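Here is the file target.cif (mmCIF, C-alpha atoms).
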data_protein
loop_
_atom_site.label_atom_id
_atom_site.label_comp_id
_atom_site.auth_asym_id
_atom_site.auth_seq_id
_atom_site.Cartn_x
_atom_site.Cartn_y
_atom_site.Cartn_z
CA MET A 1 23.71 -12.59 31.03
CA ALA A 2 24.11 -8.88 30.39
CA PRO A 3 21.03 -6.71 29.81
CA THR A 4 20.11 -5.49 26.34
CA ARG A 5 20.92 -1.77 26.32
CA TRP A 6 18.45 0.31 24.32
CA GLY A 7 18.78 3.73 22.75
CA PHE A 8 15.55 5.56 21.86
CA VAL A 9 15.06 7.75 18.81
CA SER A 10 12.28 10.21 19.66
CA ALA A 11 10.48 11.14 22.84
CA GLY A 12 6.96 10.87 21.48
CA LYS A 13 3.87 8.91 22.44
CA ILE A 14 4.86 5.55 20.99
CA CYS A 15 8.27 5.77 22.66
CA ASN A 16 6.54 6.46 25.97
CA ASP A 17 4.49 3.31 25.59
CA PHE A 18 7.45 1.19 24.54
CA LYS A 19 9.41 2.33 27.60
CA VAL A 20 6.44 1.48 29.84
CA ALA A 21 6.29 -1.93 28.16
CA LEU A 22 10.01 -2.47 28.74
CA ASP A 23 9.43 -1.66 32.41
CA THR A 24 7.25 -4.79 32.67
CA LEU A 25 10.32 -6.92 31.85
CA PRO A 26 13.21 -7.79 34.19
CA LYS A 27 15.66 -4.89 34.56
CA ASP A 28 18.56 -7.30 34.24
CA GLU A 29 17.33 -8.07 30.71
CA HIS A 30 16.37 -4.65 29.31
CA GLN A 31 17.70 -1.17 30.07
CA VAL A 32 17.16 2.11 28.23
CA VAL A 33 20.45 3.98 28.52
CA ALA A 34 19.80 6.99 26.29
CA VAL A 35 17.10 8.91 24.43
CA ALA A 36 17.47 11.42 21.61
CA ALA A 37 14.92 13.86 20.25
CA ARG A 38 14.93 16.76 17.84
CA SER A 39 15.09 19.08 20.85
CA LEU A 40 17.25 18.52 23.91
CA GLU A 41 14.44 19.80 26.12
CA SER A 42 12.07 17.07 24.91
CA ALA A 43 14.71 14.40 25.37
CA GLN A 44 15.52 15.62 28.88
CA LYS A 45 11.87 15.69 29.89
CA PHE A 46 11.38 12.13 28.59
CA ALA A 47 14.54 10.95 30.33
CA LYS A 48 13.41 12.45 33.63
CA THR A 49 9.96 10.88 33.37
CA HIS A 50 11.38 7.44 32.59
CA ASP A 51 14.60 7.42 34.62
CA ILE A 52 16.86 7.26 31.56
CA PRO A 53 20.49 8.24 32.30
CA ARG A 54 21.30 10.30 29.20
CA ALA A 55 19.42 12.62 26.85
CA TYR A 56 20.56 14.09 23.54
CA GLY A 57 19.23 16.85 21.32
CA SER A 58 20.25 15.13 18.08
CA TYR A 59 20.06 11.62 16.69
CA ALA A 60 23.70 11.82 15.58
CA GLU A 61 24.80 12.08 19.22
CA LEU A 62 22.88 8.91 20.04
CA ALA A 63 24.43 7.11 17.07
CA ALA A 64 27.90 7.93 18.39
CA GLN A 65 27.36 6.21 21.75
CA GLU A 66 29.24 2.95 22.14
CA ASP A 67 27.23 1.40 24.97
CA ILE A 68 24.02 0.87 22.99
CA ASP A 69 23.14 -2.65 21.84
CA VAL A 70 20.08 -1.74 19.77
CA VAL A 71 18.26 1.43 18.72
CA TYR A 72 14.49 1.76 18.75
CA ILE A 73 13.33 4.04 15.93
CA GLY A 74 10.09 5.64 17.13
CA ASN A 75 10.01 8.96 15.31
CA ILE A 76 7.55 9.94 12.56
CA HIS A 77 7.59 7.29 9.86
CA SER A 78 8.60 9.62 7.04
CA GLN A 79 11.95 9.91 8.87
CA HIS A 80 12.41 6.19 9.55
CA ALA A 81 14.62 5.59 6.52
CA PRO A 82 17.18 8.40 7.02
CA VAL A 83 17.47 7.87 10.80
CA THR A 84 17.67 4.08 10.47
CA THR A 85 20.37 4.56 7.84
CA MET A 86 22.28 6.81 10.26
CA MET A 87 22.13 4.19 13.01
CA LEU A 88 23.12 1.30 10.75
CA GLN A 89 26.03 3.32 9.39
CA ALA A 90 27.12 3.76 13.02
CA GLY A 91 27.03 -0.01 13.52
CA LYS A 92 23.82 -0.12 15.56
CA PRO A 93 21.22 -2.91 15.30
CA VAL A 94 17.73 -1.47 14.79
CA LEU A 95 14.15 -2.11 15.81
CA CYS A 96 12.22 0.20 13.47
CA GLU A 97 8.65 1.12 14.27
CA LYS A 98 6.12 0.15 11.67
CA PRO A 99 5.69 1.04 8.93
CA MET A 100 9.40 0.61 8.38
CA SER A 101 9.35 3.04 5.49
CA VAL A 102 7.15 5.16 3.26
CA ASN A 103 7.68 2.86 0.28
CA SER A 104 9.37 -0.38 -0.75
CA ARG A 105 12.36 1.42 -2.24
CA GLU A 106 13.27 2.79 1.16
CA ALA A 107 12.66 -0.58 2.82
CA ARG A 108 14.96 -2.34 0.34
CA GLN A 109 17.70 0.23 0.98
CA MET A 110 17.40 -0.10 4.76
CA ILE A 111 17.43 -3.89 4.76
CA GLY A 112 20.18 -3.94 2.15
CA LEU A 113 22.39 -1.75 4.30
CA ALA A 114 21.75 -3.92 7.36
CA LYS A 115 22.72 -7.02 5.41
CA GLU A 116 25.81 -5.31 4.02
CA LYS A 117 26.93 -4.50 7.56
CA ASN A 118 25.71 -7.81 9.01
CA LEU A 119 23.47 -5.98 11.47
CA PHE A 120 20.11 -6.94 12.92
CA ILE A 121 17.06 -5.02 11.72
CA MET A 122 13.43 -5.81 12.47
CA GLU A 123 10.17 -4.05 11.71
CA ALA A 124 8.24 -3.42 14.92
CA VAL A 125 4.91 -4.84 13.80
CA TRP A 126 4.15 -5.39 17.48
CA SER A 127 1.10 -7.60 16.94
CA ARG A 128 3.25 -10.17 15.17
CA TYR A 129 5.08 -11.01 18.41
CA PHE A 130 2.04 -11.42 20.68
CA PRO A 131 1.49 -14.86 22.24
CA ALA A 132 -1.98 -14.83 20.68
CA TYR A 133 -0.40 -14.90 17.22
CA LYS A 134 1.63 -17.96 18.14
CA LYS A 135 -1.60 -19.58 19.32
CA ILE A 136 -3.30 -18.79 16.02
CA ARG A 137 -0.40 -20.34 14.14
CA ASP A 138 -0.43 -23.42 16.39
CA ILE A 139 -4.19 -23.93 15.92
CA ILE A 140 -3.87 -23.62 12.13
CA ASP A 141 -0.93 -26.02 12.06
CA SER A 142 -2.85 -28.53 14.20
CA GLY A 143 -5.52 -28.82 11.51
CA ALA A 144 -8.31 -27.78 13.88
CA VAL A 145 -9.80 -25.34 11.36
CA GLY A 146 -9.03 -27.51 8.35
CA GLU A 147 -7.55 -25.94 5.25
CA VAL A 148 -7.57 -22.15 5.51
CA LYS A 149 -9.56 -20.68 2.65
CA VAL A 150 -10.32 -17.09 3.65
CA VAL A 151 -8.84 -14.44 5.94
CA THR A 152 -10.63 -11.21 6.73
CA ALA A 153 -9.44 -8.26 8.77
CA CYS A 154 -10.83 -4.78 9.31
CA PHE A 155 -9.12 -1.95 11.11
CA GLY A 156 -9.82 1.72 11.62
CA PHE A 157 -11.01 4.56 13.79
CA LYS A 158 -12.68 7.87 13.15
CA VAL A 159 -9.56 9.91 13.77
CA GLY A 160 -10.91 13.43 13.38
CA ASP A 161 -8.01 15.86 13.36
CA VAL A 162 -5.23 13.76 14.89
CA PRO A 163 -2.15 15.60 13.54
CA ARG A 164 -0.06 12.46 12.96
CA LEU A 165 -2.74 11.02 10.71
CA ARG A 166 -3.87 14.21 9.07
CA GLU A 167 -0.59 15.94 8.32
CA ARG A 168 -0.06 14.92 4.74
CA LEU A 169 3.71 15.48 4.67
CA GLN A 170 4.17 13.27 7.72
CA SER A 171 1.63 10.53 7.20
CA PRO A 172 -0.21 10.70 3.90
CA SER A 173 -2.11 7.45 3.86
CA VAL A 174 -4.52 5.16 5.68
CA ILE A 175 -2.83 2.46 3.61
CA ILE A 176 0.49 3.23 5.28
CA ASN A 177 -0.97 3.89 8.75
CA TYR A 178 -3.38 1.02 9.14
CA SER A 179 -3.13 -1.53 6.32
CA ASN A 180 0.22 -2.76 7.65
CA TYR A 181 -1.62 -4.52 10.49
CA CYS A 182 -4.00 -6.27 8.12
CA MET A 183 -1.26 -7.21 5.67
CA SER A 184 0.90 -8.59 8.46
CA PHE A 185 -1.96 -10.71 9.74
CA ALA A 186 -2.55 -12.19 6.28
CA ALA A 187 1.19 -12.77 5.84
CA MET A 188 1.29 -14.64 9.15
CA VAL A 189 -1.65 -16.88 8.27
CA PHE A 190 -0.40 -17.62 4.75
CA GLU A 191 3.21 -17.92 5.98
CA GLY A 192 4.64 -15.18 3.82
CA GLU A 193 3.41 -16.62 0.53
CA GLU A 194 3.41 -14.13 -2.33
CA PRO A 195 -0.14 -13.26 -3.46
CA GLN A 196 -0.90 -14.12 -7.06
CA ASP A 197 -3.21 -11.15 -7.50
CA ILE A 198 -3.86 -7.88 -5.68
CA THR A 199 -7.08 -5.90 -6.08
CA THR A 200 -7.46 -2.51 -4.43
CA SER A 201 -10.38 -0.10 -4.16
CA GLY A 202 -10.64 3.10 -2.17
CA HIS A 203 -11.41 6.79 -2.18
CA LEU A 204 -9.64 10.02 -1.35
CA SER A 205 -10.70 12.95 0.77
CA ASP A 206 -10.84 16.46 -0.67
CA GLY A 207 -7.31 16.92 0.68
CA GLY A 208 -5.99 13.95 -1.26
CA ASP A 209 -5.75 11.52 1.66
CA ASP A 210 -7.21 8.05 1.33
CA GLN A 211 -10.15 7.58 3.69
CA THR A 212 -11.30 4.01 3.10
CA VAL A 213 -9.34 1.27 1.37
CA THR A 214 -10.11 -2.37 0.64
CA VAL A 215 -7.35 -4.72 -0.50
CA VAL A 216 -8.11 -8.25 -1.70
CA LEU A 217 -5.21 -10.67 -1.94
CA LYS A 218 -5.61 -13.86 -3.94
CA TYR A 219 -3.25 -16.70 -3.07
CA SER A 220 -2.60 -20.07 -4.67
CA GLY A 221 -5.44 -22.58 -4.46
CA ASN A 222 -8.02 -19.77 -4.67
CA ARG A 223 -7.39 -18.71 -1.06
CA MET A 224 -8.29 -15.11 -0.33
CA ALA A 225 -7.60 -12.34 2.15
CA THR A 226 -9.99 -9.39 2.29
CA LEU A 227 -8.61 -6.43 4.20
CA LEU A 228 -10.54 -3.23 4.99
CA CYS A 229 -9.08 -0.08 6.56
CA CYS A 230 -10.82 3.19 7.31
CA LEU A 231 -10.10 6.62 8.83
CA SER A 232 -13.69 7.90 8.84
CA ALA A 233 -15.54 5.22 10.86
CA ASN A 234 -15.02 3.17 13.99
CA MET A 235 -14.41 -0.35 12.76
CA ALA A 236 -14.86 -3.65 14.62
CA ASN A 237 -11.07 -4.17 14.46
CA GLU A 238 -11.45 -7.93 14.23
CA ALA A 239 -9.82 -10.63 12.15
CA TYR A 240 -11.15 -14.02 11.14
CA VAL A 241 -9.49 -17.13 9.78
CA TYR A 242 -11.97 -19.36 7.93
CA GLY A 243 -11.11 -22.99 7.27
CA THR A 244 -12.88 -26.01 5.82
CA LYS A 245 -13.65 -27.29 9.35
CA ALA A 246 -14.03 -24.22 11.56
CA TYR A 247 -13.02 -20.61 12.02
CA LEU A 248 -11.03 -18.43 14.41
CA LYS A 249 -12.11 -15.00 15.62
CA ILE A 250 -9.49 -12.57 16.90
CA PRO A 251 -10.92 -9.44 18.57
CA ASN A 252 -8.58 -6.43 18.60
CA PHE A 253 -6.35 -8.42 16.28
CA TRP A 254 -3.65 -5.71 16.16
CA CYS A 255 -2.98 -6.20 19.89
CA PRO A 256 -4.94 -9.35 20.78
CA THR A 257 -5.41 -10.77 24.25
CA GLU A 258 -7.76 -13.56 23.21
CA VAL A 259 -8.35 -16.04 20.40
CA ILE A 260 -11.82 -17.50 19.99
CA ALA A 261 -11.35 -21.03 18.63
CA PRO A 262 -13.46 -24.19 18.16
CA ASP A 263 -12.28 -25.49 21.54
CA GLY A 264 -13.07 -22.26 23.41
CA THR A 265 -11.56 -18.87 24.13
CA HIS A 266 -7.81 -18.69 24.80
CA GLN A 267 -6.84 -15.75 27.01
CA PHE A 268 -3.50 -13.94 27.01
CA PRO A 269 -3.69 -11.17 29.62
CA LEU A 270 -1.16 -8.36 29.59
CA PRO A 271 0.70 -6.99 32.60
CA PRO A 272 -0.65 -3.67 33.88
CA PRO A 273 1.37 -0.51 33.13
CA GLU A 274 3.18 1.36 35.87
CA LYS A 275 2.82 4.67 34.03
CA PRO A 276 0.06 6.08 31.78
CA LEU A 277 -0.18 4.74 28.22
CA ASN A 278 -1.21 6.56 25.05
CA PHE A 279 -2.51 3.53 23.17
CA VAL A 280 -4.52 0.44 24.03
CA ASN A 281 -2.69 -2.70 25.25
CA SER A 282 0.70 -1.04 24.81
CA THR A 283 2.39 -3.20 27.43
CA GLY A 284 2.15 -5.83 24.70
CA MET A 285 5.10 -4.10 23.06
CA ARG A 286 7.14 -6.10 25.57
CA PHE A 287 6.93 -9.12 23.24
CA GLU A 288 8.78 -7.45 20.36
CA ALA A 289 11.47 -6.37 22.83
CA MET A 290 11.79 -9.97 24.01
CA GLU A 291 12.16 -11.10 20.41
CA VAL A 292 14.86 -8.50 19.73
CA ARG A 293 16.84 -9.69 22.75
CA ARG A 294 16.48 -13.32 21.71
CA CYS A 295 17.64 -12.59 18.16
CA LEU A 296 20.63 -10.53 19.30
CA GLN A 297 21.68 -13.23 21.76
CA GLU A 298 21.50 -15.84 19.00
CA GLY A 299 23.41 -13.69 16.53
CA LEU A 300 20.50 -13.37 14.10
CA THR A 301 20.20 -10.49 11.68
CA GLU A 302 16.44 -10.91 11.25
CA SER A 303 13.52 -12.39 13.17
CA PRO A 304 11.85 -15.52 11.82
CA LEU A 305 8.54 -14.08 13.06
CA MET A 306 8.78 -10.96 10.90
CA THR A 307 11.39 -11.65 8.24
CA HIS A 308 12.92 -9.11 5.90
CA ALA A 309 11.06 -10.83 3.07
CA MET A 310 7.73 -10.27 4.84
CA SER A 311 8.50 -6.59 5.43
CA LEU A 312 9.48 -6.13 1.77
CA GLN A 313 6.42 -8.04 0.56
CA ILE A 314 4.08 -5.88 2.63
CA ALA A 315 5.83 -2.67 1.53
CA GLY A 316 5.43 -3.76 -2.09
CA ILE A 317 1.72 -4.49 -1.67
CA LEU A 318 1.22 -1.14 0.02
CA ASP A 319 3.01 0.57 -2.89
CA GLN A 320 0.61 -1.03 -5.35
CA ALA A 321 -2.42 -0.14 -3.25
CA ARG A 322 -1.36 3.49 -2.92
CA THR A 323 -0.78 3.71 -6.67
CA VAL A 324 -4.28 2.41 -7.43
CA VAL A 325 -5.99 4.73 -4.96
CA GLY A 326 -3.84 7.69 -6.01
CA VAL A 327 -1.85 8.47 -2.87
CA VAL A 328 1.61 9.85 -3.57
CA SER A 329 4.20 10.75 -0.95
CA ASP A 330 7.15 13.09 -1.30
CA GLN A 331 9.45 10.08 -0.98
CA ASP A 332 7.84 8.50 -4.06
CA LYS A 333 9.01 11.47 -6.10
CA GLU A 334 12.68 11.09 -5.15
#
Translate the structure described by the file into structure tokens.
Amino acid sequence: MAPTRWGFVSAGKICNDFKVALDTLPKDEHQVVAVAARSLESAQKFAKTHDIPRAYGSYAELAAQEDIDVVYIGNIHSQHAPVTTMMLQAGKPVLCEKPMSVNSREARQMIGLAKEKNLFIMEAVWSRYFPAYKKIRDIIDSGAVGEVKVVTACFGFKVGDVPRLRERLQSPSVIINYSNYCMSFAAMVFEGEEPQDITTSGHLSDGGDDQTVTVVLKYSGNRMATLLCCLSANMANEAYVYGTKAYLKIPNFWCPTEVIAPDGTHQFPLPPPEKPLNFVNSTGMRFEAMEVRRCLQEGLTESPLMTHAMSLQIAGILDQARTVVGVVSDQDKE
């Protein structure tokens, strides 16, 4: 079977890690054939580092290539919507880095266009495709923890002056940057059910960025998810699933390699990288690539693991949370 031919949008840190992750998979299954960046020099440097045949200094040039099966959107998230739209208009399936968009309006437009053109689009919430998440789902479905009553997840780092997180025009919100992981975990456990009530509390920095945010989701049957995200402290970065019989603990739940369950600890080691990584456990991005290939081979336009409905639900919850805390992006004003 022919390899899945990837085109990369951006030559930044996350794209580096995704390429290194792809390199842990068979070359007859995944090949990166082109990369585009805002400057040709950046694209050429990335291509040389990663042995990619072609480099372009504009995203439009990449969109025009006919030998690309799917485009990975890895640029700054405020540009996800316009660049994804460009690729979809050119007939390209898309794996869009999370968060898919700045707000739910953009997400609806992107998914709507993909459906209109009958093209695959998937949000790259990489944690959702890890084997550990399948194990969590299997344990819950087996009844080993009983009826799930509560989910908790906390995520955050003291980021200091990291430009991507501090540049308001690019990335205005801890809710956008971090809460996606927590929301996705809750959506996985509660199988995409719509929360009946959403309660948000948080505070802004002097510059108008949200620093700490707590979101409580209430589901049917008085089941709850409590989600805490923070940019000013180093969090435990753990998730728990509490049931009427037992509980699950998931360390590093956004890129987990183990699940601590009633019957012991289940390990899911990752392959080592062949080149340096920018982020922890990034070879785990291989699993979302495997899911993209599977979906394309089966002619699917969305993944059952991270459906369009889940992406839209999470975007909507994030909209509400940002409104309560008082975070407004330029895209919200359009």
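Rounded to one decimal, CA of Met310 in chain A and CA of Phe253 in chain A lie 18.2 Å from each other.
In terms of minimum interatomic distance to Pro93 in chain A, A:Glu302 ranks closest within A:Ser142, A:Ile260, A:Glu302, A:Glu106, counting all atoms listed in the file.
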TODO: Just say which residues the PyMOL selection byres ((chain A and resi 124-134) around 10) picks in this file, as a ChimeraX atom specification.
DONE: /A:72-74,94-100,121-123,135-140,180-181,184-185,187-189,250,252-259,266-270,282,284-292,305-306,311
- [ ] Could you tell me which residues the PyMOL selection byres ((chain A and resi 196) around 8) grabs in this file, written as a PyMOL selection string?
- [x] chain A and resi 194-195+197-198+217-220
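Atom pair CA of Ile317 in chain A / CA of Val71 in chain A: separated by 26.9 Å.
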